[in-house]
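Text of the file upload.txt, holding compact mmCIF, C-alpha atoms:
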```
# COMPACT_ATOMS: atom_id res chain seq x y z
CA MET A 1 -89.91 -46.78 -126.81
CA THR A 2 -87.52 -45.20 -129.26
CA SER A 3 -88.19 -42.06 -131.30
CA ASP A 4 -85.57 -41.07 -133.82
CA TYR A 5 -85.08 -39.76 -137.33
CA VAL A 6 -86.18 -42.21 -140.04
CA GLU A 7 -82.68 -42.53 -141.50
CA ASN A 8 -81.36 -43.67 -138.12
CA LEU A 9 -84.16 -46.20 -137.68
CA VAL A 10 -83.73 -47.90 -141.06
CA ALA A 11 -79.92 -48.00 -140.98
CA SER A 12 -79.82 -51.14 -138.81
CA PRO A 13 -82.09 -53.45 -136.82
CA ILE A 14 -83.99 -51.66 -134.06
CA THR A 15 -82.77 -52.71 -130.63
CA PRO A 16 -83.71 -51.17 -127.29
CA ALA A 17 -81.22 -48.47 -126.34
CA LEU A 18 -82.65 -48.35 -122.83
CA THR A 19 -84.26 -51.00 -120.65
CA PRO A 20 -86.65 -50.33 -117.74
CA PRO A 21 -85.46 -49.35 -114.28
CA ARG A 22 -85.11 -52.42 -112.05
CA ALA A 23 -86.01 -53.41 -108.47
CA LEU A 24 -88.74 -50.81 -107.91
CA SER A 25 -89.48 -50.50 -104.18
CA ILE A 26 -91.68 -48.43 -101.91
CA ASP A 27 -90.19 -47.81 -98.46
CA GLY A 28 -87.71 -50.63 -99.06
CA ILE A 29 -90.35 -53.25 -99.91
CA PRO A 30 -90.59 -54.56 -103.50
CA ALA A 31 -93.42 -52.79 -105.33
CA THR A 32 -94.65 -56.01 -106.94
CA SER A 33 -97.49 -56.76 -104.53
CA GLN A 34 -100.50 -54.79 -103.34
CA ARG A 35 -100.22 -53.30 -99.88
CA VAL A 36 -100.91 -50.35 -97.62
CA VAL A 37 -97.89 -48.03 -97.39
CA GLY A 38 -96.77 -46.77 -93.99
CA ASN A 39 -97.42 -43.06 -94.63
CA THR A 40 -98.38 -40.57 -97.33
CA SER A 41 -94.75 -39.60 -97.98
CA PRO A 42 -93.01 -42.88 -98.91
CA ILE A 43 -89.57 -43.27 -100.43
CA ILE A 44 -89.59 -44.66 -103.98
CA THR A 45 -86.34 -46.43 -104.96
CA TRP A 46 -85.11 -48.27 -108.04
CA LYS A 47 -81.94 -49.55 -109.66
CA PRO A 48 -80.71 -48.16 -112.99
CA PRO A 49 -81.58 -50.02 -116.22
CA ALA A 50 -79.48 -53.04 -117.14
CA ASN A 51 -78.87 -51.49 -120.59
CA GLY A 52 -78.45 -47.83 -121.40
CA ALA A 53 -77.68 -44.70 -119.41
CA PRO A 54 -80.69 -42.49 -118.62
CA THR A 55 -80.24 -38.74 -118.68
CA ALA A 56 -83.32 -38.37 -116.45
CA TYR A 57 -86.14 -40.22 -114.72
CA ARG A 58 -89.83 -39.36 -114.57
CA VAL A 59 -91.71 -40.64 -111.51
CA SER A 60 -95.45 -40.60 -112.19
CA LEU A 61 -98.14 -41.22 -109.59
CA ILE A 62 -101.35 -42.70 -110.95
CA ARG A 63 -104.43 -42.41 -108.76
CA TYR A 64 -107.34 -44.82 -109.18
CA VAL A 65 -110.85 -43.63 -108.37
CA ASN A 66 -113.70 -46.07 -108.99
CA THR A 67 -112.95 -47.44 -112.47
CA SER A 68 -110.78 -44.64 -113.80
CA ALA A 69 -107.10 -43.81 -113.47
CA SER A 70 -105.35 -40.51 -113.91
CA THR A 71 -101.78 -39.34 -113.57
CA GLN A 72 -101.84 -36.98 -110.63
CA THR A 73 -98.19 -35.99 -110.32
CA ALA A 74 -94.99 -36.31 -112.36
CA LEU A 75 -91.59 -35.60 -110.84
CA TYR A 76 -88.45 -35.26 -112.99
CA LEU A 77 -85.10 -36.32 -111.57
CA PRO A 78 -81.56 -36.38 -112.96
CA GLY A 79 -80.27 -39.62 -114.50
CA THR A 80 -78.03 -40.23 -111.49
CA ALA A 81 -81.01 -40.44 -109.08
CA THR A 82 -82.22 -43.78 -107.77
CA GLU A 83 -84.70 -42.61 -105.14
CA VAL A 84 -87.15 -39.90 -104.23
CA ARG A 85 -89.20 -39.22 -101.11
CA LEU A 86 -92.63 -38.09 -102.19
CA PRO A 87 -93.31 -34.63 -100.78
CA VAL A 88 -95.86 -34.37 -97.99
CA GLY A 89 -99.29 -33.70 -99.47
CA THR A 90 -98.55 -35.44 -102.78
CA LEU A 91 -100.60 -38.52 -101.90
CA ALA A 92 -104.12 -38.24 -100.52
CA PRO A 93 -105.04 -40.35 -97.50
CA ASN A 94 -107.15 -43.49 -98.02
CA ALA A 95 -106.47 -43.51 -101.76
CA ILE A 96 -105.28 -46.12 -104.26
CA TYR A 97 -102.20 -45.46 -106.41
CA SER A 98 -99.51 -47.01 -108.53
CA VAL A 99 -96.15 -45.48 -109.37
CA ARG A 100 -94.41 -45.55 -112.76
CA VAL A 101 -90.70 -44.85 -113.05
CA THR A 102 -89.63 -43.99 -116.59
CA ALA A 103 -85.98 -43.98 -117.60
CA LEU A 104 -85.40 -41.28 -120.22
CA ASP A 105 -82.44 -40.86 -122.55
CA SER A 106 -82.58 -37.77 -124.71
CA PRO A 107 -79.02 -36.63 -125.42
CA HIS A 108 -80.09 -33.29 -126.92
CA GLN A 109 -82.48 -32.42 -124.09
CA GLU A 110 -81.88 -31.28 -120.53
CA VAL A 111 -84.96 -32.99 -119.09
CA THR A 112 -84.53 -31.61 -115.58
CA ARG A 113 -84.25 -28.07 -116.96
CA GLU A 114 -86.96 -28.34 -119.66
CA PRO A 115 -89.35 -31.04 -118.35
CA PHE A 116 -92.28 -30.12 -120.59
CA THR A 117 -90.45 -30.31 -123.92
CA ILE A 118 -89.14 -33.87 -123.70
CA PHE A 119 -90.79 -35.09 -126.91
CA GLU A 120 -89.52 -32.25 -129.07
CA LYS A 121 -85.90 -33.34 -129.56
CA LEU A 122 -84.68 -36.55 -131.16
CA PRO A 123 -83.46 -39.14 -130.49
CA LEU A 124 -85.52 -40.10 -127.45
CA HIS A 125 -85.45 -43.44 -125.65
CA MET A 126 -87.86 -44.34 -122.83
CA ALA A 127 -88.51 -47.45 -120.73
CA ASP A 128 -91.06 -47.84 -117.91
CA THR A 129 -91.45 -49.95 -114.82
CA ILE A 130 -94.69 -49.81 -112.85
CA SER A 131 -95.66 -50.87 -109.35
CA SER A 132 -98.61 -52.87 -108.19
CA LEU A 133 -101.44 -50.93 -106.59
CA PHE A 134 -100.84 -49.49 -103.13
CA THR A 135 -103.15 -47.76 -100.68
CA THR A 136 -102.31 -44.84 -98.43
CA PRO A 137 -103.25 -44.87 -94.75
```
Would you write the structure of this file as structure tokens?
Amino acid sequence: MTSDYVENLVASPITPALTPPRALSIDGIPATSQRVVGNTSPIITWKPPANGAPTAYRVSLIRYVNTSASTQTALYLPGTATEVRLPVGTLAPNAIYSVRVTALDSPHQEVTREPFTIFEKLPLHMADTISSLFTTP
């Protein structure tokens, strides 16, 4: 997703400035298939996007209960990060989740310092990658 001033968007063809993070893994295993993770504090890893240079990442945990999903936790990390160990107590036992890693590029925003104002400054480029469902022990 790209958000920018109109004059910048109509000046040339719109091309993605940022592609999604690659090779998303949970505890070293690709996050592309459903599974039970080894503990409630796994390590989430990814590779940087093929195109673009993120200034930050947002790691969102989505919990599924019955037929509804809700984002339970969002962690903001600097653009140089490629992994995070989820803090103990972040994931509930015997629960179903997915994780979304969003690469963010907002050159006029310090996302790690002002995490709740990300959409207020332009331009903003975002690209997501999401895991398959996983269950906690």
Quick one: everything within 8 Å of Val84 (chain A), counting all atoms listed in the file, minus sequence neighbours fewer than 6 positions away in the same chain. Send it as a list of chain:residue names. A:Ile43, A:Ile44, A:Thr45
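For Ala56 (chain A), the non-local neighbours within 9 Å, defined as residues at least 3 positions apart in the same chain or in other chains and counting only C-alpha atoms, are Ala53, Tyr76, Leu77, Pro78, Gly79, Thr80, Ala81, Thr102, Ala103, Leu104, Asp105, Ser106, Glu110, Val111 and Thr112 of chain A.
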Would you export the selected residues with C-alpha atoms as a short mmCIF file (atom, residue, chain, number, x, y, z; two decimals), in the coordinates of the input, please?
```
data_model
loop_
_atom_site.label_atom_id
_atom_site.label_comp_id
_atom_site.auth_asym_id
_atom_site.auth_seq_id
_atom_site.Cartn_x
_atom_site.Cartn_y
_atom_site.Cartn_z
CA ALA A 53 -77.68 -44.70 -119.41
CA TYR A 76 -88.45 -35.26 -112.99
CA LEU A 77 -85.10 -36.32 -111.57
CA PRO A 78 -81.56 -36.38 -112.96
CA GLY A 79 -80.27 -39.62 -114.50
CA THR A 80 -78.03 -40.23 -111.49
CA ALA A 81 -81.01 -40.44 -109.08
CA THR A 102 -89.63 -43.99 -116.59
CA ALA A 103 -85.98 -43.98 -117.60
CA LEU A 104 -85.40 -41.28 -120.22
CA ASP A 105 -82.44 -40.86 -122.55
CA SER A 106 -82.58 -37.77 -124.71
CA GLU A 110 -81.88 -31.28 -120.53
CA VAL A 111 -84.96 -32.99 -119.09
CA THR A 112 -84.53 -31.61 -115.58
#
```
- Task: Check the smallest atom-to-atom distance from each of A:Thr129, A:Pro21, A:Ile29, A:Arg85 to Ser41 (chain A) using all atoms listed in the file, then report the winner.
- Result: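 Residue with the minimum atom-to-atom distance to Ser41 (chain A): A:Arg85.
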Contacts of Pro48 (chain A) at 7 Å or less, counting only C-alpha atoms, minus same-chain residues fewer than 2 places along, as an mmCIF file with C-alpha atoms, in the coordinates of the input?
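See out-v2.cif below for the written result:
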```cif
data_model
loop_
_atom_site.group_PDB
_atom_site.id
_atom_site.type_symbol
_atom_site.label_atom_id
_atom_site.label_comp_id
_atom_site.auth_asym_id
_atom_site.auth_seq_id
_atom_site.Cartn_x
_atom_site.Cartn_y
_atom_site.Cartn_z
ATOM 1 C CA PRO A 21 -85.460 -49.350 -114.280
ATOM 2 C CA ARG A 22 -85.110 -52.420 -112.050
ATOM 3 C CA TRP A 46 -85.110 -48.270 -108.040
ATOM 4 C CA ALA A 50 -79.480 -53.040 -117.140
ATOM 5 C CA THR A 82 -82.220 -43.780 -107.770
#
```
- prompt: Can you tell me, as a ChimeraX atom specification, what residues are no more than 10 Å from Ser70 (chain A) when counting all atoms listed in the file, ignoring any on the same chain fewer than 4 positions away?
  reply: /A:61-65,97
If you count only C-alpha atoms, the residue of A:His108, A:Gln34, A:Ala92, A:Val99 closest to Ile130 (chain A) turns out to be A:Val99
Of the listed residues A:Ser33, A:Asn66, A:Ser25, A:Thr19, that which approaches Pro54 (chain A) most closely, counting all atoms listed in the file: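 Smallest separation from Pro54 (chain A) among the options: A:Thr19.
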Counting all atoms listed in the file, closest pick from A:Tyr57, A:Gly52, A:Arg100, A:Leu18 relative to Thr71 (chain A) is A:Arg100
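Reported to one decimal place, the separation of CA of Ala74 (chain A) from CA of Thr32 (chain A) is 20.4 Å.
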- Atomic separation - CA of Pro16 (chain A) relative to CA of Thr55 (chain A), Å: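 Calculated distance between CA of Thr55 (chain A) and CA of Pro16 (chain A) is 15.5 Å.
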